[in-house]
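Shown next, in structure tokens, is the structure this report addresses.
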Amino acid sequence: MSDEHEHDSDAEGDADGHHEPDRETFSHDPIGHAEVRAGMTVGELADEYGSAGVGAANLHEAVDITEAMFDDDVTVFFSLAGAMVPTGMRAIVADLIRDGYIDVLVTTGANLTHDAIEAIGGKHHHGEVHAEGKTEREHDEQLRDEGVDRIYNVYLPQEFFATFESHLRDEVFPVLEEDGIVSIQRLVEELGRANAEVNERDDVHEDPGIAAAAYENDVPIYCPAVQDSVLGLQAWMYSQTSDFSLDALADMTPLTDIAYHADEAAAFVVGGGVPKNFTLQTMLVSPDAYDYAVQLTMDPKQTGGLSGATLDEARSWGKLEKDAENVSVYADATITLPLVVAAARERLEN
């Protein structure tokens with residue numbers, strides 16, 4: 001009789017919602033509190049991020065995945081958009097190429113333009129978004145009159161573009177003109193050669209840079225939207241009076257071949273735009289997809305745009321393996337790129 005009574009009570013308790021639902025006990029993996037101290041390394045700081053939540057946890061995961069993708073057996077496709085060269089990220093990428101961490105670079109014509117400007121003696125300079133006593137518009141109107149181009153808080157005197165244009169016409173285009181129609185990758189390869197040679201010949205203080213490092217280490221650079229840059233404009237202008245021209249489709253075969261033959265592949269995506277999609281879409285014609293992916297971006301996913309699209313969304317397209325390790329870090333890439341690369345390299349090289 002008592003057993004029947006207890007059974008009835010349980011039934012009433014369920015109906016009234018008195019019983020707690022089954023749930024985990026939360027006895028594992030508590031949030032910790034990051035500790036910082038004088039003299040700690042970047043890698044140690046990244047480890048502390050792993051104790052915390054929100055963006056700190058994502059950055060810690062990005063370091064973990066980057067460490068895994070920088071393994072010798074993984075083919076790394078590095079996508080570089082945005083104004084990463086003029087804002088001071090040039091040496092990080094060049095060193096990654098020289099040290100064997102990047103197998104393929106996909107970037108913009110703008111980054112290649114600014115890379116070449118520094119290779120042949122030009123410089124970008126710290127600037128201001130607002131000049132004292134002026135509105136932002138008034139400040140930019142003054143810069144226009146003075147012949148200075150502004151990228152947020154970075155200045156570039158326009159005369160360096162003239163030097164770059166002469167560099168192309170004297171050192172790059174004449175060599176390519178002999179071949180007539182060439183691939184964009186071939187153009188960038190020749191640009192890297194010329195950057196390296198002029199940098200050494202003229203004893204330029206600045207490093208020869210990204211394109212030069214890629215040329216010297218046989219790392220292909222693909223620039224699918226080269227027309228959208230001063231480099232592209234100059235190539236078009238030169239083509240009007242010569243036999244030189246670019247074949248926009250010629251790079252597709254060698255790029256997809258690299259993806260097709262990779263045992264494991266990884267995508268490190270800085271920013272969005274054309275380089276991001278060009279990097280990810282290579283897997284659409286491959287039997288496999290990316291095994292690792294890290295994205296550093298500030299673009300939100302809610303707009304439905306490419307630059308903010310999550311790597312999980314890319315999985316639905318077959319660009320990432322179902323079991324791929326991936327993470328997106330939403331923050332300024334000039335902050336996150338040095339942190340992630342430094343911490344991953346510390347783990348691998350120390």
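Ligands are numbered from 1 in the order shown, chains are lettered A, B, ... in the order of the structure tokens, and residues start at 1 in each chain.
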
- Backbone DSSP call of helix (DSSP H, G or I) for region 61-295 of chain A, listed as a VMD selection string: chain A and resid 61 to 69 85 to 98 109 to 119 136 to 146 159 to 177 184 to 201 210 to 216 230 to 239 252 to 261 273 to 285

- Message: When you look at region 274-284 of chain A with a cut-off of 7 Å (counting only C-alpha atoms), what residues show up, excluding the ones that are within fewer than 4 positions of it in the same chain? I need them as a list in words.
- Response: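 Listed by chain and then number, they are Phe77, Ser79, Leu80, Ala81, Val106, Thr107, Thr108, Ala225, Thr256, Ala259, Val269, Asp288, Ala289, Gly318 and Lys319 of chain A.
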
- How many Å lie between CA of Ser316 (chain A) and CA of Val329 (chain A), rounded to one decimal? 19.6 Å

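The environment of Ile258 (chain A) within 10 Å, counting only C-alpha atoms and disregarding residues fewer than 5 places along the same chain, consists of Thr75, Phe77, Asp103, Val104, Thr253, Asp263, Ala265, Thr282 and Ser286 of chain A.
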
- If you run DSSP on the backbone, which residues of region 17-145 of chain A are strand (DSSP E or B), as number ranges by chain? A: 74-80, 104-107, 125-126

Using N, CA and C atoms, can you export the residues from the last selection as a compact mmCIF listing (two decimals), in the first residue's frame?
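Written out: part-v9.txt:
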# COMPACT_ATOMS: atom_id res chain seq x y z
N VAL A 74 50.98 19.50 -42.38
CA VAL A 74 49.76 20.24 -42.73
C VAL A 74 50.10 21.32 -43.76
N THR A 75 49.34 21.38 -44.84
CA THR A 75 49.50 22.42 -45.86
C THR A 75 48.69 23.64 -45.43
N VAL A 76 49.38 24.76 -45.20
CA VAL A 76 48.74 25.95 -44.65
C VAL A 76 48.47 26.98 -45.75
N PHE A 77 47.20 27.32 -45.90
CA PHE A 77 46.76 28.39 -46.79
C PHE A 77 46.52 29.62 -45.92
N PHE A 78 47.26 30.68 -46.15
CA PHE A 78 47.18 31.89 -45.32
C PHE A 78 46.50 32.98 -46.12
N SER A 79 45.38 33.46 -45.63
CA SER A 79 44.60 34.50 -46.30
C SER A 79 44.79 35.83 -45.60
N LEU A 80 45.25 36.84 -46.34
CA LEU A 80 45.59 38.13 -45.73
C LEU A 80 44.85 39.25 -46.45
N VAL A 104 50.92 28.50 -48.89
CA VAL A 104 50.22 29.28 -49.91
C VAL A 104 49.75 30.57 -49.27
N LEU A 105 49.98 31.70 -49.94
CA LEU A 105 49.48 32.99 -49.45
C LEU A 105 48.47 33.53 -50.45
N VAL A 106 47.32 33.92 -49.95
CA VAL A 106 46.31 34.59 -50.76
C VAL A 106 46.10 35.97 -50.17
N THR A 107 46.29 37.01 -50.97
CA THR A 107 46.21 38.35 -50.41
C THR A 107 45.67 39.33 -51.45
N HIS A 125 53.75 56.04 -42.12
CA HIS A 125 54.04 56.86 -40.95
C HIS A 125 52.84 56.94 -40.02
N HIS A 126 53.12 57.08 -38.72
CA HIS A 126 52.06 57.33 -37.76
C HIS A 126 51.38 58.65 -38.10

- Item | One-decimal distance in Å that lies between CA of Met69 (chain A) and CA of Met89 (chain A) |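 CA of Met89 (chain A) sits 20.2 Å away from CA of Met69 (chain A).
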
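Residues in contact with Leu143 (chain A) at up to 12 Å, not including ones fewer than 4 positions away on its chain and judged by only C-alpha atoms, are Gly127, Glu128, Val129, His130, Ala131, Lys134, Glu136, Arg137, Glu138, His139, Gly147, Val148, Asp149, Arg150, Ile151, Val154, Tyr155, Leu156, Pro157 and Gln158 of chain A.
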
Those selected residues, please, written with N, CA and C atoms and delivered as a PDB file, in the first residue's frame.
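Everything below was put into part-v4.pdb:
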ATOM      1  N   GLY A 127      50.049  58.647 -38.032  1.00  0.00           N
ATOM      2  CA  GLY A 127      49.285  59.846 -38.337  1.00  0.00           C
ATOM      3  C   GLY A 127      48.161  60.061 -37.351  1.00  0.00           C
ATOM      4  N   GLU A 128      47.213  60.873 -37.744  1.00  0.00           N
ATOM      5  CA  GLU A 128      46.083  61.217 -36.876  1.00  0.00           C
ATOM      6  C   GLU A 128      44.781  61.047 -37.644  1.00  0.00           C
ATOM      7  N   VAL A 129      43.757  60.632 -36.937  1.00  0.00           N
ATOM      8  CA  VAL A 129      42.427  60.590 -37.523  1.00  0.00           C
ATOM      9  C   VAL A 129      41.838  61.995 -37.543  1.00  0.00           C
ATOM     10  N   HIS A 130      42.089  62.725 -36.470  1.00  0.00           N
ATOM     11  CA  HIS A 130      41.653  64.126 -36.376  1.00  0.00           C
ATOM     12  C   HIS A 130      42.866  64.998 -36.099  1.00  0.00           C
ATOM     13  N   ALA A 131      42.997  66.084 -36.797  1.00  0.00           N
ATOM     14  CA  ALA A 131      44.020  67.068 -36.467  1.00  0.00           C
ATOM     15  C   ALA A 131      43.410  68.067 -35.481  1.00  0.00           C
ATOM     16  N   LYS A 134      40.439  70.744 -36.112  1.00  0.00           N
ATOM     17  CA  LYS A 134      39.799  70.487 -37.391  1.00  0.00           C
ATOM     18  C   LYS A 134      38.833  69.302 -37.262  1.00  0.00           C
ATOM     19  N   GLU A 136      37.202  65.854 -38.976  1.00  0.00           N
ATOM     20  CA  GLU A 136      37.862  64.798 -39.751  1.00  0.00           C
ATOM     21  C   GLU A 136      37.864  65.149 -41.238  1.00  0.00           C
ATOM     22  N   ARG A 137      36.769  65.726 -41.720  1.00  0.00           N
ATOM     23  CA  ARG A 137      36.721  66.105 -43.133  1.00  0.00           C
ATOM     24  C   ARG A 137      37.725  67.197 -43.442  1.00  0.00           C
ATOM     25  N   GLU A 138      37.790  68.205 -42.601  1.00  0.00           N
ATOM     26  CA  GLU A 138      38.753  69.287 -42.827  1.00  0.00           C
ATOM     27  C   GLU A 138      40.182  68.758 -42.809  1.00  0.00           C
ATOM     28  N   HIS A 139      40.425  67.825 -41.915  1.00  0.00           N
ATOM     29  CA  HIS A 139      41.758  67.222 -41.825  1.00  0.00           C
ATOM     30  C   HIS A 139      42.098  66.479 -43.107  1.00  0.00           C
ATOM     31  N   GLY A 147      49.150  66.072 -50.386  1.00  0.00           N
ATOM     32  CA  GLY A 147      49.606  64.867 -51.057  1.00  0.00           C
ATOM     33  C   GLY A 147      49.920  63.731 -50.109  1.00  0.00           C
ATOM     34  N   VAL A 148      49.037  63.529 -49.124  1.00  0.00           N
ATOM     35  CA  VAL A 148      49.228  62.458 -48.148  1.00  0.00           C
ATOM     36  C   VAL A 148      47.968  61.599 -48.113  1.00  0.00           C
ATOM     37  N   ASP A 149      48.128  60.303 -48.277  1.00  0.00           N
ATOM     38  CA  ASP A 149      47.003  59.372 -48.196  1.00  0.00           C
ATOM     39  C   ASP A 149      46.895  58.852 -46.761  1.00  0.00           C
ATOM     40  N   ARG A 150      45.648  58.710 -46.269  1.00  0.00           N
ATOM     41  CA  ARG A 150      45.429  58.280 -44.886  1.00  0.00           C
ATOM     42  C   ARG A 150      44.731  56.930 -44.838  1.00  0.00           C
ATOM     43  N   ILE A 151      45.244  56.029 -44.031  1.00  0.00           N
ATOM     44  CA  ILE A 151      44.597  54.764 -43.709  1.00  0.00           C
ATOM     45  C   ILE A 151      44.369  54.771 -42.205  1.00  0.00           C
ATOM     46  N   VAL A 154      47.267  55.981 -40.095  1.00  0.00           N
ATOM     47  CA  VAL A 154      48.538  55.764 -40.799  1.00  0.00           C
ATOM     48  C   VAL A 154      48.579  56.677 -42.018  1.00  0.00           C
ATOM     49  N   TYR A 155      49.715  57.314 -42.240  1.00  0.00           N
ATOM     50  CA  TYR A 155      49.912  58.192 -43.394  1.00  0.00           C
ATOM     51  C   TYR A 155      50.862  57.549 -44.400  1.00  0.00           C
ATOM     52  N   LEU A 156      50.605  57.818 -45.684  1.00  0.00           N
ATOM     53  CA  LEU A 156      51.519  57.418 -46.750  1.00  0.00           C
ATOM     54  C   LEU A 156      51.664  58.570 -47.735  1.00  0.00           C
ATOM     55  N   PRO A 157      52.841  59.201 -47.791  1.00  0.00           N
ATOM     56  CA  PRO A 157      53.060  60.268 -48.776  1.00  0.00           C
ATOM     57  C   PRO A 157      52.885  59.728 -50.194  1.00  0.00           C
ATOM     58  N   GLN A 158      52.183  60.467 -51.044  1.00  0.00           N
ATOM     59  CA  GLN A 158      51.831  59.971 -52.368  1.00  0.00           C
ATOM     60  C   GLN A 158      53.034  59.783 -53.282  1.00  0.00           C
TER      61      GLN A 158
END

- Long-range neighbours of region 229-232 of chain A as a PyMOL selection string, 6 Å cut-off, only C-alpha atoms, 3 positions minimum in chain: chain A and resi 109-110+113+226+235

- Query: His33 (chain A): which residues within 7 Å, counting only C-alpha atoms, same-chain residues fewer than 2 positions away excluded, as an MDAnalysis selection string?
  - Reply: chainID A and resid 31 35 51:52

Grab the residues selected above and save them as a short mmCIF file (atom, residue, chain, number, x, y, z; two decimals), in the first residue's frame with all heavy atoms.
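This is the output file again-v7.cif:
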data_model
loop_
_atom_site.label_atom_id
_atom_site.label_comp_id
_atom_site.auth_asym_id
_atom_site.auth_seq_id
_atom_site.Cartn_x
_atom_site.Cartn_y
_atom_site.Cartn_z
N ILE A 31 35.35 28.23 -14.75
CA ILE A 31 36.03 29.43 -15.23
C ILE A 31 37.08 29.83 -14.21
O ILE A 31 36.82 29.90 -13.00
CB ILE A 31 35.04 30.59 -15.44
CG1 ILE A 31 34.14 30.31 -16.65
CG2 ILE A 31 35.78 31.92 -15.63
CD1 ILE A 31 34.84 30.36 -17.99
N GLU A 35 45.73 35.27 -14.55
CA GLU A 35 46.75 35.92 -13.74
C GLU A 35 47.85 36.46 -14.65
O GLU A 35 48.30 35.77 -15.57
CB GLU A 35 47.35 34.94 -12.73
CG GLU A 35 46.33 34.41 -11.71
CD GLU A 35 46.96 33.44 -10.73
OE1 GLU A 35 48.20 33.24 -10.79
OE2 GLU A 35 46.22 32.88 -9.91
N SER A 51 41.90 30.20 -19.21
CA SER A 51 41.15 30.09 -17.96
C SER A 51 39.87 30.91 -17.99
O SER A 51 38.95 30.67 -17.23
CB SER A 51 42.01 30.55 -16.78
OG SER A 51 43.18 29.77 -16.66
N ALA A 52 39.85 31.91 -18.87
CA ALA A 52 38.75 32.89 -18.90
C ALA A 52 37.71 32.51 -19.95
O ALA A 52 37.77 31.44 -20.57
CB ALA A 52 39.32 34.27 -19.17
#

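With only C-alpha atoms taken into account, the protein and nucleic acid residues at most 8 Å from region 206-211 of chain A (excluding it and anything under 2 positions from it in its own chain) are Arg90, Ala91, Val93, Ala94, Ile97, Leu112, Asp115, Ala116, Glu118, Ala119, Ile120, Gly121, Val188, Glu189, Leu191, Gly192, Arg193, Asn195, Ala196, Asn199, Val204, Ala213, Ala214, Tyr215 and Ile221 of chain A.
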
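Across the model, the gap from CA of Val219 (chain A) to CA of Val172 (chain A) is 18.5 Å.
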
- Task: May I ask which of the residues A:Val327, A:Ala314, A:Ala333, A:Leu176 is the closest one to Phe244 (chain A), counting only C-alpha atoms?
- Result: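 So, comparing all the options, the nearest one is A:Leu176.
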